[in-house]
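Enquirer: Structure file work15.txt (compact mmCIF, C-alpha atoms and all ligand atoms) is given on the next line.
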```txt
# COMPACT_ATOMS: atom_id res chain seq x y z
CA MET A 209 34.16 -126.56 53.65
CA ASP A 210 37.00 -128.47 55.19
CA PRO A 211 38.34 -126.19 57.95
CA VAL A 212 41.67 -128.02 57.82
CA ARG A 213 42.24 -126.69 54.31
CA ASN A 214 41.12 -123.17 55.21
CA PRO A 215 43.94 -120.97 53.86
CA TYR A 216 43.12 -117.64 55.54
CA ALA A 217 45.26 -116.32 58.36
CA PRO A 218 43.81 -113.53 60.50
CA GLY A 219 46.27 -112.56 63.24
CA ALA A 220 49.03 -110.10 64.01
CA GLY A 221 52.03 -110.77 61.81
CA GLN A 222 50.46 -113.92 60.34
CA ARG A 223 51.86 -114.54 56.89
CA PRO A 224 48.93 -114.21 54.48
CA PRO A 225 48.34 -117.00 51.97
CA GLU A 226 48.71 -114.35 49.24
CA LEU A 227 50.52 -111.07 49.84
CA ALA A 228 48.27 -108.99 47.62
CA GLY A 229 48.78 -105.44 46.43
CA ARG A 230 52.32 -104.87 47.68
CA ASP A 231 54.31 -105.43 44.48
CA ARG A 232 55.24 -101.78 44.15
CA GLU A 233 56.69 -101.62 47.65
CA LEU A 234 58.64 -104.84 47.15
CA ARG A 235 60.03 -103.57 43.84
CA GLN A 236 61.13 -100.34 45.51
CA PHE A 237 62.85 -102.34 48.21
CA ASP A 238 64.67 -104.44 45.61
CA VAL A 239 66.05 -101.28 44.08
CA VAL A 240 67.21 -100.12 47.52
CA LEU A 241 68.99 -103.43 48.11
CA GLU A 242 70.79 -103.32 44.78
CA ARG A 243 71.80 -99.70 45.10
CA VAL A 244 73.03 -100.01 48.68
CA ALA A 245 75.04 -103.14 47.93
CA ALA A 246 76.63 -101.28 45.01
CA GLY A 247 77.60 -98.37 47.26
CA ARG A 248 75.20 -95.94 45.60
CA PRO A 249 73.41 -93.22 47.57
CA GLU A 250 70.00 -94.41 48.64
CA ARG A 251 67.41 -93.72 51.29
CA SER A 252 66.09 -96.53 53.39
CA LEU A 253 62.38 -97.27 53.72
CA VAL A 254 59.99 -96.73 56.59
CA LEU A 255 56.53 -98.29 56.39
CA THR A 256 53.70 -96.52 58.17
CA GLY A 257 50.03 -97.33 58.52
CA LEU A 258 47.12 -98.21 60.72
CA ARG A 259 46.82 -101.37 62.80
CA GLY A 260 46.20 -104.54 60.84
CA VAL A 261 47.04 -103.05 57.46
CA GLY A 262 49.95 -105.41 56.85
CA LYS A 263 53.12 -103.58 57.94
CA THR A 264 54.64 -106.52 59.80
CA VAL A 265 54.05 -109.05 57.04
CA LEU A 266 55.44 -106.63 54.45
CA LEU A 267 58.48 -106.05 56.64
CA ASN A 268 58.92 -109.83 56.86
CA ALA A 269 58.57 -110.14 53.08
CA MET A 270 61.27 -107.49 52.68
CA ARG A 271 63.47 -109.42 55.03
CA SER A 272 62.99 -112.53 52.88
CA ALA A 273 63.92 -110.48 49.81
CA ALA A 274 67.13 -109.36 51.51
CA ILE A 275 67.96 -112.94 52.51
CA GLY A 276 67.29 -113.94 48.89
CA ARG A 277 70.04 -111.54 47.89
CA LEU A 278 72.32 -113.16 50.47
CA TRP A 279 72.23 -110.16 52.77
CA GLY A 280 72.60 -110.58 56.51
CA THR A 281 69.36 -109.65 58.27
CA GLY A 282 68.07 -109.20 61.78
CA LYS A 283 64.77 -108.03 63.17
CA ILE A 284 63.63 -106.21 66.28
CA GLU A 285 60.17 -105.62 67.62
CA ALA A 286 60.61 -102.45 69.65
CA ARG A 287 58.91 -102.17 73.02
CA PRO A 288 58.78 -99.03 75.14
CA GLU A 289 60.68 -100.52 78.07
CA ALA A 290 63.21 -102.68 76.22
CA PRO A 291 66.67 -101.14 75.87
CA LEU A 292 67.60 -100.66 72.24
CA ARG A 293 71.22 -101.68 72.79
CA MET A 294 70.34 -105.27 73.69
CA ALA A 295 67.85 -105.59 70.88
CA VAL A 296 70.26 -104.25 68.26
CA ALA A 297 73.04 -106.49 69.55
CA GLY A 298 70.86 -109.59 69.25
CA ALA A 299 69.61 -108.71 65.78
CA LEU A 300 73.04 -107.85 64.37
CA HIS A 301 74.46 -111.02 65.87
CA ILE A 302 71.93 -113.00 63.85
CA ALA A 303 72.57 -110.91 60.74
CA VAL A 304 76.32 -111.49 60.83
CA ARG A 305 75.92 -115.17 61.63
CA GLU A 306 73.89 -115.46 58.43
CA VAL A 307 76.76 -114.25 56.26
CA ALA A 308 79.71 -115.53 58.33
CA PRO A 309 79.95 -119.03 56.81
CA ARG A 310 80.61 -117.50 53.39
CA HIS A 311 83.37 -115.24 54.67
CA ARG A 312 86.89 -116.22 53.64
CA ALA A 313 88.55 -114.47 56.57
CA PRO A 314 87.05 -115.81 59.79
CA GLU A 315 89.20 -113.47 61.87
CA ARG A 316 87.33 -110.50 60.34
CA VAL A 317 84.08 -111.97 61.60
CA ASP A 318 85.62 -112.67 65.01
CA ASP A 319 86.84 -109.09 65.21
CA PHE A 320 83.32 -107.89 64.63
CA LEU A 321 81.89 -110.32 67.18
CA GLY A 322 84.36 -108.98 69.72
CA VAL A 323 83.12 -105.44 69.08
CA LEU A 324 79.52 -106.64 69.23
CA LYS A 325 80.18 -108.25 72.60
CA ALA A 326 81.74 -105.09 73.99
CA PHE A 327 78.76 -103.11 72.66
CA ALA A 328 76.26 -105.46 74.32
CA MET A 329 78.13 -105.74 77.61
CA ARG A 330 78.24 -101.99 78.03
CA ASP A 331 74.62 -102.19 79.24
CA ALA A 332 74.94 -105.52 81.00
CA ALA A 333 77.63 -103.93 83.18
CA LYS A 334 75.07 -101.38 84.35
CA GLY A 335 72.80 -104.24 85.33
CA ALA A 336 70.24 -103.15 82.76
CA SER A 337 69.88 -106.60 81.31
CA ARG A 338 70.54 -110.23 81.99
CA TRP A 339 71.20 -110.93 78.34
CA GLN A 340 74.60 -112.47 77.79
CA PRO A 341 75.69 -112.54 74.20
CA ASN A 342 76.47 -116.09 73.26
CA ILE A 343 79.76 -115.09 71.68
CA ASP A 344 82.94 -117.08 72.35
CA VAL A 345 85.46 -114.47 71.30
CA PRO A 346 86.63 -112.02 73.95
CA ALA A 347 85.07 -108.57 74.01
CA ARG A 348 87.17 -106.10 72.05
CA ARG A 349 87.50 -102.99 74.18
CA GLY A 350 87.66 -99.47 72.81
CA ARG A 351 85.08 -99.67 70.07
CA ALA A 352 81.26 -99.32 70.28
CA ASP A 353 81.52 -99.41 74.08
CA SER A 354 81.78 -95.72 75.04
CA GLY A 355 78.34 -95.70 76.64
CA ASP A 356 77.14 -92.99 74.26
CA LEU A 357 74.51 -94.78 72.21
CA THR A 358 75.02 -92.63 69.11
CA ILE A 359 78.76 -93.22 68.98
CA ASP A 360 78.42 -96.89 69.81
CA LEU A 361 75.68 -97.62 67.28
CA THR A 362 77.59 -95.79 64.57
CA GLU A 363 80.79 -97.73 65.22
CA LEU A 364 78.94 -101.02 65.44
CA PHE A 365 77.04 -100.37 62.20
CA VAL A 366 80.20 -99.32 60.36
CA ASP A 367 81.96 -102.52 61.44
CA ALA A 368 79.00 -104.75 60.55
CA ALA A 369 78.74 -103.08 57.16
CA SER A 370 82.41 -103.64 56.53
CA VAL A 371 82.03 -107.40 57.12
CA ALA A 372 79.20 -107.38 54.55
CA THR A 373 81.25 -105.30 52.11
CA ASP A 374 83.87 -108.08 52.01
CA LEU A 375 81.16 -110.32 50.59
CA GLY A 376 79.63 -107.79 48.22
CA VAL A 377 76.35 -107.82 50.15
CA GLY A 378 74.79 -105.68 52.86
CA ILE A 379 73.15 -105.87 56.27
CA ALA A 380 69.50 -104.99 56.83
CA LEU A 381 68.15 -104.33 60.28
CA PHE A 382 64.35 -104.42 60.44
CA ILE A 383 62.64 -102.59 63.30
CA ASP A 384 58.92 -103.13 63.78
CA GLU A 385 56.88 -100.77 65.99
CA LEU A 386 59.66 -98.23 65.54
CA GLN A 387 57.55 -95.51 67.21
CA ASP A 388 58.05 -97.40 70.51
CA VAL A 389 61.82 -96.91 70.57
CA ALA A 390 62.71 -94.41 73.31
CA PRO A 391 63.68 -90.90 72.11
CA ASP A 392 67.41 -91.38 72.78
CA GLY A 393 67.33 -94.57 70.73
CA ILE A 394 65.50 -92.89 67.84
CA GLY A 395 68.05 -90.09 67.82
CA ALA A 396 70.97 -92.51 67.90
CA LEU A 397 69.49 -94.65 65.11
CA CYS A 398 68.96 -91.62 62.88
CA ALA A 399 72.44 -90.29 63.55
CA ALA A 400 74.05 -93.68 62.89
CA CYS A 401 72.10 -94.14 59.65
CA HIS A 402 73.09 -90.64 58.60
CA GLU A 403 76.77 -91.44 59.10
CA LEU A 404 76.45 -94.72 57.25
CA SER A 405 74.70 -93.28 54.25
CA GLN A 406 77.36 -90.57 53.94
CA ALA A 407 80.05 -93.24 54.02
CA ARG A 408 77.98 -95.34 51.53
CA ALA A 409 78.35 -98.26 53.93
CA PRO A 410 75.94 -101.09 53.08
CA LEU A 411 73.82 -101.25 56.20
CA ILE A 412 70.22 -100.11 56.23
CA VAL A 413 67.59 -99.82 58.91
CA VAL A 414 64.09 -100.58 57.63
CA GLY A 415 61.37 -99.45 59.98
CA ALA A 416 57.65 -99.97 60.37
CA GLY A 417 55.18 -98.24 62.64
CA LEU A 418 52.07 -96.20 63.18
CA PRO A 419 51.07 -93.18 61.06
CA HIS A 420 52.75 -90.63 63.32
CA LEU A 421 56.17 -92.31 62.97
CA PRO A 422 57.44 -89.70 60.46
CA ALA A 423 56.64 -87.01 63.04
CA VAL A 424 58.45 -88.97 65.76
CA LEU A 425 61.55 -89.28 63.57
CA SER A 426 61.61 -85.70 62.36
CA SER A 427 61.09 -84.27 65.83
CA SER A 428 64.24 -86.19 66.81
CA LYS A 429 66.36 -85.30 63.78
CA SER A 430 65.19 -82.79 61.21
CA TYR A 431 67.20 -84.54 58.49
CA SER A 432 65.26 -87.80 58.98
CA GLU A 433 63.03 -86.87 56.03
CA ARG A 434 66.07 -87.08 53.76
CA LEU A 435 67.24 -90.28 55.41
CA PHE A 436 64.10 -92.36 54.90
CA ARG A 437 61.52 -92.76 52.21
CA TYR A 438 58.14 -93.13 53.86
CA LEU A 439 55.79 -95.65 52.33
CA LEU A 440 52.22 -95.33 53.47
CA ILE A 441 50.84 -98.86 53.73
CA ASP A 442 47.20 -98.48 53.01
CA ARG A 443 44.06 -100.53 52.49
CA LEU A 444 44.08 -102.89 49.53
CA ASP A 445 42.27 -101.64 46.46
CA PRO A 446 39.26 -103.75 45.38
CA ALA A 447 41.22 -105.77 42.82
CA ALA A 448 43.97 -106.60 45.33
CA ALA A 449 41.39 -107.42 48.00
CA ASP A 450 39.73 -109.87 45.60
CA ARG A 451 43.10 -111.43 44.81
CA ALA A 452 43.93 -111.80 48.51
CA LEU A 453 40.81 -113.98 48.77
CA SER A 454 40.57 -115.79 45.45
CA VAL A 455 44.20 -116.75 44.78
CA PRO A 456 44.55 -118.90 47.95
CA ALA A 457 41.10 -120.43 47.32
CA GLU A 458 42.01 -121.32 43.74
CA ARG A 459 45.01 -123.24 45.00
CA GLU A 460 42.54 -125.42 46.93
CA GLY A 461 40.25 -125.71 43.91
CA VAL A 462 37.67 -123.35 45.44
CA ALA A 463 36.03 -120.29 43.85
CA PHE A 464 34.00 -117.28 45.04
CA THR A 465 30.90 -115.99 43.27
CA GLU A 466 30.99 -112.33 42.25
CA ASP A 467 28.28 -111.71 44.85
CA ALA A 468 30.48 -113.26 47.55
CA LEU A 469 33.47 -111.09 46.60
CA ALA A 470 31.28 -107.98 46.62
CA ALA A 471 29.96 -108.85 50.08
CA LEU A 472 33.51 -109.44 51.34
CA ARG A 473 34.71 -106.16 49.84
CA ALA A 474 31.94 -104.35 51.67
CA ALA A 475 32.59 -106.10 54.98
CA ALA A 476 36.39 -105.85 55.00
CA ASP A 477 36.63 -102.34 53.57
CA GLY A 478 40.05 -103.18 52.11
CA PHE A 479 41.73 -103.80 55.47
CA PRO A 480 43.93 -106.91 55.22
CA TYR A 481 43.19 -108.10 58.74
CA PHE A 482 39.45 -107.95 58.07
CA ILE A 483 39.86 -109.66 54.69
CA GLN A 484 41.49 -112.62 56.39
CA ALA A 485 38.92 -112.68 59.20
CA TYR A 486 35.83 -112.58 56.95
CA GLY A 487 37.39 -114.90 54.38
CA LYS A 488 38.13 -117.47 57.03
CA VAL A 489 34.58 -117.72 58.40
CA ALA A 490 33.03 -117.65 54.92
CA TRP A 491 35.16 -120.62 53.92
CA ASP A 492 34.09 -122.59 57.00
CA ALA A 493 30.42 -121.72 56.48
CA ALA A 494 30.25 -122.62 52.78
CA PRO A 495 28.97 -126.17 52.18
CA ALA A 496 30.79 -126.40 48.82
CA SER A 497 32.55 -124.38 46.13
CA PRO A 498 31.75 -121.75 45.01
CA ILE A 499 31.51 -119.67 48.16
CA THR A 500 28.38 -117.52 47.75
CA GLY A 501 27.17 -114.17 48.97
CA ALA A 502 24.78 -116.00 51.28
CA ASP A 503 27.70 -117.89 52.84
CA VAL A 504 29.44 -114.57 53.48
CA ARG A 505 26.34 -112.97 55.01
CA VAL A 506 25.55 -115.95 57.23
CA SER A 507 29.10 -116.14 58.58
CA ALA A 508 29.86 -112.42 58.96
CA PRO A 509 28.52 -112.13 62.54
CA GLU A 510 31.01 -114.79 63.62
CA ALA A 511 33.88 -112.79 62.12
CA GLU A 512 32.54 -109.68 63.82
CA SER A 513 32.43 -111.33 67.22
CA GLU A 514 35.96 -112.68 66.74
CA LEU A 515 37.17 -109.22 65.78
CA ALA A 516 35.31 -107.71 68.74
CA VAL A 517 37.32 -109.90 71.08
CA GLY A 518 40.70 -110.31 69.37
CA PHE A 519 41.16 -107.12 67.39
CA PHE A 520 39.13 -104.44 69.18
CA GLY A 521 38.40 -105.74 72.67
CA SER A 522 41.95 -106.71 73.53
CA ARG A 523 43.00 -103.14 72.80
CA TYR A 524 40.09 -101.50 74.57
CA GLU A 525 40.98 -103.56 77.67
CA ARG A 526 44.35 -101.86 77.84
CA ALA A 527 42.80 -98.45 78.43
CA THR A 528 41.98 -96.99 81.85
CA PRO A 529 38.46 -95.67 82.58
CA ALA A 530 39.54 -92.09 81.83
CA GLU A 531 41.13 -93.19 78.55
CA ARG A 532 37.99 -95.12 77.60
CA GLU A 533 35.87 -92.08 78.23
CA TYR A 534 38.19 -90.09 75.96
CA MET A 535 37.97 -92.65 73.18
CA ARG A 536 34.19 -92.86 73.45
CA ALA A 537 33.98 -89.10 73.07
CA MET A 538 36.24 -89.36 70.00
CA ALA A 539 34.04 -92.09 68.54
CA SER A 540 30.88 -90.07 69.13
CA LEU A 541 32.31 -87.32 66.93
CA GLY A 542 32.71 -89.52 63.85
CA ASP A 543 35.42 -91.39 61.97
CA ARG A 544 37.56 -88.47 60.75
CA PRO A 545 40.43 -87.11 62.86
CA VAL A 546 38.83 -84.97 65.56
CA GLY A 547 40.13 -81.82 67.19
CA THR A 548 41.16 -82.16 70.82
CA ALA A 549 39.12 -79.04 71.61
CA GLU A 550 36.04 -80.72 70.14
CA ILE A 551 36.61 -83.75 72.35
CA ALA A 552 36.93 -81.52 75.40
CA GLY A 553 33.69 -79.83 74.35
CA ALA A 554 31.89 -83.15 74.03
CA LEU A 555 33.02 -84.11 77.53
CA GLY A 556 32.37 -80.65 79.02
CA ARG A 557 35.98 -80.41 80.19
CA ARG A 558 38.94 -78.10 79.75
CA PRO A 559 41.28 -79.34 76.96
CA ALA A 560 44.34 -79.22 79.24
CA SER A 561 42.69 -81.57 81.75
CA LEU A 562 42.44 -84.22 79.02
CA SER A 563 46.07 -84.12 77.94
CA PRO A 564 47.18 -86.96 80.25
CA ALA A 565 44.53 -89.31 78.81
CA ARG A 566 45.43 -88.36 75.26
CA ASP A 567 49.18 -88.76 75.84
CA ALA A 568 48.68 -92.15 77.49
CA LEU A 569 46.54 -93.34 74.56
CA ILE A 570 49.24 -92.25 72.13
CA LYS A 571 51.86 -94.12 74.18
CA LYS A 572 49.68 -97.23 74.14
CA GLY A 573 49.43 -96.96 70.37
CA LEU A 574 45.63 -96.66 70.35
CA VAL A 575 45.49 -93.08 69.11
CA PHE A 576 47.82 -90.92 67.07
CA SER A 577 47.98 -87.20 66.60
CA ALA A 578 47.05 -86.50 63.02
CA GLU A 579 47.21 -82.92 61.79
CA ARG A 580 47.86 -80.19 64.33
CA GLY A 581 45.53 -80.40 67.28
CA SER A 582 43.61 -83.45 66.14
CA VAL A 583 43.68 -87.13 66.98
CA ALA A 584 42.55 -90.32 65.26
CA PHE A 585 42.32 -94.02 66.08
CA THR A 586 45.20 -96.24 64.98
CA VAL A 587 42.77 -99.16 64.81
CA PRO A 588 40.54 -99.14 61.73
CA HIS A 589 36.78 -99.17 62.46
CA PHE A 590 37.50 -98.60 66.14
CA GLY A 591 35.02 -95.72 66.31
CA ARG A 592 32.27 -97.93 64.95
CA TYR A 593 33.17 -100.67 67.42
CA LEU A 594 32.96 -98.23 70.35
CA ARG A 595 29.65 -96.77 69.18
CA ASP A 596 28.20 -100.30 69.08
CA GLN A 597 29.26 -101.04 72.65
CA PRO A 598 26.71 -100.50 75.43
CA ALA A 599 27.78 -97.52 77.54
N1 LIG B 1 48.98 -107.72 51.45
C1 LIG B 1 48.20 -108.53 52.15
N2 LIG B 1 47.34 -109.38 51.54
C2 LIG B 1 46.56 -110.20 52.26
N3 LIG B 1 46.56 -110.26 53.60
C3 LIG B 1 47.38 -109.46 54.27
C4 LIG B 1 48.25 -108.56 53.59
N4 LIG B 1 48.95 -107.86 54.49
C5 LIG B 1 48.56 -108.32 55.71
N5 LIG B 1 47.63 -109.28 55.58
C6 LIG B 1 46.97 -109.95 56.72
O1 LIG B 1 46.50 -108.92 57.59
C7 LIG B 1 46.72 -109.24 58.95
C8 LIG B 1 47.50 -108.14 59.65
O2 LIG B 1 48.81 -108.04 59.14
P1 LIG B 1 50.00 -107.41 60.00
O3 LIG B 1 50.05 -108.04 61.34
O4 LIG B 1 51.20 -107.42 59.16
O5 LIG B 1 49.47 -105.90 60.16
P2 LIG B 1 50.22 -104.71 60.91
O6 LIG B 1 50.06 -103.52 60.03
O7 LIG B 1 51.60 -105.10 61.27
O8 LIG B 1 49.33 -104.50 62.21
P3 LIG B 1 49.78 -103.94 63.67
O9 LIG B 1 49.89 -102.45 63.51
O10 LIG B 1 48.65 -104.32 64.56
O11 LIG B 1 51.06 -104.58 64.04
C9 LIG B 1 47.37 -110.61 58.96
O12 LIG B 1 46.37 -111.57 59.21
C10 LIG B 1 47.92 -110.78 57.55
O13 LIG B 1 47.92 -112.13 57.15
MG MG B 2 52.58 -105.24 63.05
```
Spell out the structure here as structure tokens.
Ligand SMILES: Nc1ncnc2c1ncn2[C@@H]1O[C@H](COP(=O)(O)OP(=O)(O)OP(=O)(O)O)[C@@H](O)[C@H]1O
Ligand SMILES: [Mg+2]

Expert:
Amino acid sequence: MDPVRNPYAPGAGQRPPELAGRDRELRQFDVVLERVAAGRPERSLVLTGLRGVGKTVLLNAMRSAAIGRLWGTGKIEARPEAPLRMAVAGALHIAVREVAPRHRAPERVDDFLGVLKAFAMRDAAKGASRWQPNIDVPARRGRADSGDLTIDLTELFVDAASVATDLGVGIALFIDELQDVAPDGIGALCAACHELSQARAPLIVVGAGLPHLPAVLSSSKSYSERLFRYLLIDRLDPAAADRALSVPAEREGVAFTEDALAALRAAADGFPYFIQAYGKVAWDAAPASPITGADVRVSAPEAESELAVGFFGSRYERATPAEREYMRAMASLGDRPVGTAEIAGALGRRPASLSPARDALIKKGLVFSAERGSVAFTVPHFGRYLRDQPA
């Protein structure tokens, strides 16, 4: 069918044509927004899940919900080398700019921008960044510029929240790939959020990241479990998977046969990224509506080769030879989390000699440590992909 009208959107962070199966999470977030704006005690949300399961698009949908309630919002995609201070400064600048035009006391906004500038320039002075905040007001010394990230973040958040309080709204800071924030940044974020929630100040940090993110947060601050509510973002159930495919098609006047939906359910295994990938090629392959099981089966190899390059291969490429060997050993042991001792056994090595490879794979976000002493792939179906590759 007409590829121009193809609604499906495989790709990292690509907004899906239908955000299926996430109503519960969005409702929970709405409650958080209302409670926080009303000064009621509430935990913020942290989304965790495997690669391609839809964390980023859900985070973006939550951001839209916050904007819909006239909140100020900003978003960061954390990277291991990027200093948190700059990223937070940029995101909060955007968040406050969103609400500033509605503020009746422009000098309150300017005061905050002065603090924000001092906060941002604290790092610039050390030569850590070339980023110059595009803020006309002079930096306001003596607040959020001590150099201690915990103190500075707390003061900055309190001041941002107080600008929002004037308007009866809140500020939401969204941080994607939260597990990539450096340990000092994680600690400072937790401590600042802790302060804010005690003061009932309306600023929340909403995070998203890989399955071991709760462990990262709690190893930094033991109270993080009380600070955040963890939502496990999982595969779509069969009904939601069908909706993700059929609702966008219906809008284009196109249907799927039951056989086609069953074939797509089997191929995609409930993973949103795969649903988009297989749906897209099936649409292109089908001569006319309805899309049939045969269309799905004929087109599936094309989706598989696209996934092999874009979803699996691009990640495999990032690993060194030693890391690849480690992952191949993992894959050979099956699709459950596997014990590190088992992997060492499969490779005929001492477990300690494999720690550098394992740690590097965790840093690269390819592997996470599941229960004690075991590891698993962050990328769904990665084991199968590796087993299919020629050695
Ligand atoms: N609820 C959903 N319904 C339908 N499609 C979805 C849904 N959630 C995500 N998708 C699709 O799945 C793909 C992956 O989404 P996204 O990039 O948000 O995943 P992610 O969990 O952030 O992955 P990563 O860990 O690699 O960043 C995108 O193509 C998106 O359109
Ligand atoms: Mg993402």

Enquirer: How would you report the residues lying within 6 Å of ligand LIG 1 (chain B), as a list in words, if you count all atoms listed in the file?

Expert: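 Final answer, ordered by chain and number: Ala217, Pro218, Gly219, Ala220, Gly221, Gln222, Arg223, Pro224, Glu226, Leu227, Ala228, Gly229, Arg230, Leu258, Arg259, Gly260, Val261, Gly262, Lys263, Thr264, Val265, Ala452, Pro480, Tyr481 and Gln484 of chain A.
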
Enquirer: So which residues touch region 303-314 of chain A within 6 Å, counting all atoms listed in the file, skipping near sequence neighbours fewer than 3 positions away, as a PyMOL selection string?

Expert: chain A and resi 280-282+300+317

Enquirer: From the set A:Leu411, A:Val389, A:Leu541, A:Leu418, which residue has the shortest atom-to-atom contact distance to ligand MG 2 (chain B), counting all atoms listed in the file?

Expert: A:Leu418

Enquirer: If you measure from CA of Glu289 (chain A) to CA of Phe365 (chain A), what distance in Å do you get, rounded to one decimal?

Expert: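 Pair CA of Glu289 (chain A) / CA of Phe365 (chain A) returns 22.8 Å.
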
Enquirer: A:Val455, A:Leu241, A:Leu267, A:Val413: which is nearest ligand MG 2 (chain B), counting all atoms listed in the file?

Expert: A:Leu267

Enquirer: If we count all atoms listed in the file and set the cut-off at 12 Å, which residues sit around Pro529 (chain A), ignoring sequence neighbours fewer than 3 positions away in its own chain? Please answer as a PDB file with C-alpha atoms, keeping the file's coordinate frame.

Expert:
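To be explicit, this is the file written out as out_19.pdb:
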```pdb
ATOM      1  CA  TYR A 524      40.090-101.500  74.570  1.00  0.00           C
ATOM      2  CA  GLU A 525      40.980-103.560  77.670  1.00  0.00           C
ATOM      3  CA  ARG A 526      44.350-101.860  77.840  1.00  0.00           C
ATOM      4  CA  ARG A 532      37.990 -95.120  77.600  1.00  0.00           C
ATOM      5  CA  GLU A 533      35.870 -92.080  78.230  1.00  0.00           C
ATOM      6  CA  TYR A 534      38.190 -90.090  75.960  1.00  0.00           C
ATOM      7  CA  MET A 535      37.970 -92.650  73.180  1.00  0.00           C
ATOM      8  CA  ARG A 536      34.190 -92.860  73.450  1.00  0.00           C
ATOM      9  CA  ALA A 565      44.530 -89.310  78.810  1.00  0.00           C
ATOM     10  CA  ALA A 568      48.680 -92.150  77.490  1.00  0.00           C
ATOM     11  CA  LEU A 569      46.540 -93.340  74.560  1.00  0.00           C
ATOM     12  CA  ALA A 599      27.780 -97.520  77.540  1.00  0.00           C
TER      13      ALA A 599
END
```

Enquirer: Give me, please, the distance in Å between CA of Thr528 (chain A) and CA of Thr256 (chain A), quoted to one decimal.

Expert: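 So the answer is 26.4 Å.
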
Enquirer: Using only C-alpha atoms, which residues sit within 12 Å of region 358-363 of chain A once same-chain residues fewer than 2 positions away are excluded, as a PyMOL selection string?

Expert: chain A and resi 292-297+300+320+323-331+349-356+365-370+391-407+409+411-413

Enquirer: At a cut-off of 10 Å around the point (32.4, -98.0, 71.0) (file coordinates), what residues fall inside when counting only C-alpha atoms? I'd like the answer as a list of chain:residue names.

Expert: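 Residues satisfying the cut-off, written out: A:Phe520, A:Gly521, A:Tyr524, A:Arg532, A:Glu533, A:Met535, A:Arg536, A:Ala537, A:Met538, A:Ala539, A:Ser540, A:His589, A:Phe590, A:Gly591, A:Arg592, A:Tyr593, A:Leu594, A:Arg595, A:Asp596, A:Gln597, A:Pro598, A:Ala599.
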
Enquirer: Please report the interatomic distance between CA of Ala269 (chain A) and CA of Val212 (chain A) in Å with one decimal.

Expert: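 Atom-to-atom, CA of Ala269 (chain A) to CA of Val212 (chain A), that is 25.1 Å.
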
Enquirer: When you look at Glu233 (chain A) with a cut-off of 10 Å (counting only C-alpha atoms), what residues show up, excluding the ones that are within fewer than 5 positions of it in the same chain? I need them as JSON, numbers by chain.

Expert: {"A": [238, 253, 255, 266, 270, 439, 440, 441]}

Enquirer: Just to be explicit: take each residue in the selection above, keep C-alpha atoms, and write the result as a tab-separated table (two decimals), in the coordinates of the input.

Expert:
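Listed below is the output, again22.tsv:
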```
chain	number	residue	atom	x	y	z
A	238	ASP	CA	64.67	-104.44	45.61
A	253	LEU	CA	62.38	-97.27	53.72
A	255	LEU	CA	56.53	-98.29	56.39
A	266	LEU	CA	55.44	-106.63	54.45
A	270	MET	CA	61.27	-107.49	52.68
A	439	LEU	CA	55.79	-95.65	52.33
A	440	LEU	CA	52.22	-95.33	53.47
A	441	ILE	CA	50.84	-98.86	53.73
```

Enquirer: Using only C-alpha atoms, pick whichever of A:Asp388, A:Ala578, A:Ala508, A:Arg235 has the shortest atom-to-atom distance to Phe482 (chain A).

Expert: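 Among the listed residues, the smallest separation from Phe482 (chain A) belongs to A:Ala508.
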
Enquirer: Contacts of Ile499 (chain A) at 9 Å or less, counting only C-alpha atoms, minus same-chain residues fewer than 3 places along, as a count of residues only?

Expert: 15

Enquirer: Kindly add N, CA, C and O atoms to the incomplete region 512-518 of chain A and provide the output as a tab-separated table (two decimals), keeping the file's coordinate frame.

Expert:
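Okay, this is what ended up in part_19.tsv:
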```
chain	number	residue	atom	x	y	z
A	512	GLU	N	32.66	-110.90	63.01
A	512	GLU	CA	32.54	-109.68	63.82
A	512	GLU	C	32.77	-109.97	65.30
A	512	GLU	O	33.42	-109.19	66.00
A	513	SER	N	32.22	-111.09	65.79
A	513	SER	CA	32.43	-111.33	67.22
A	513	SER	C	33.88	-111.72	67.50
A	513	SER	O	34.42	-111.39	68.55
A	514	GLU	N	34.53	-112.39	66.54
A	514	GLU	CA	35.96	-112.68	66.74
A	514	GLU	C	36.79	-111.40	66.73
A	514	GLU	O	37.72	-111.24	67.53
A	515	LEU	N	36.45	-110.50	65.82
A	515	LEU	CA	37.17	-109.22	65.78
A	515	LEU	C	36.91	-108.42	67.05
A	515	LEU	O	37.81	-107.77	67.58
A	516	ALA	N	35.66	-108.48	67.54
A	516	ALA	CA	35.31	-107.71	68.74
A	516	ALA	C	36.17	-108.14	69.92
A	516	ALA	O	36.57	-107.32	70.74
A	517	VAL	N	36.49	-109.41	69.98
A	517	VAL	CA	37.32	-109.90	71.08
A	517	VAL	C	38.81	-109.69	70.76
A	517	VAL	O	39.53	-109.03	71.51
A	518	GLY	N	39.26	-110.23	69.63
A	518	GLY	CA	40.70	-110.31	69.37
A	518	GLY	C	41.31	-109.03	68.83
A	518	GLY	O	42.47	-108.72	69.11
```
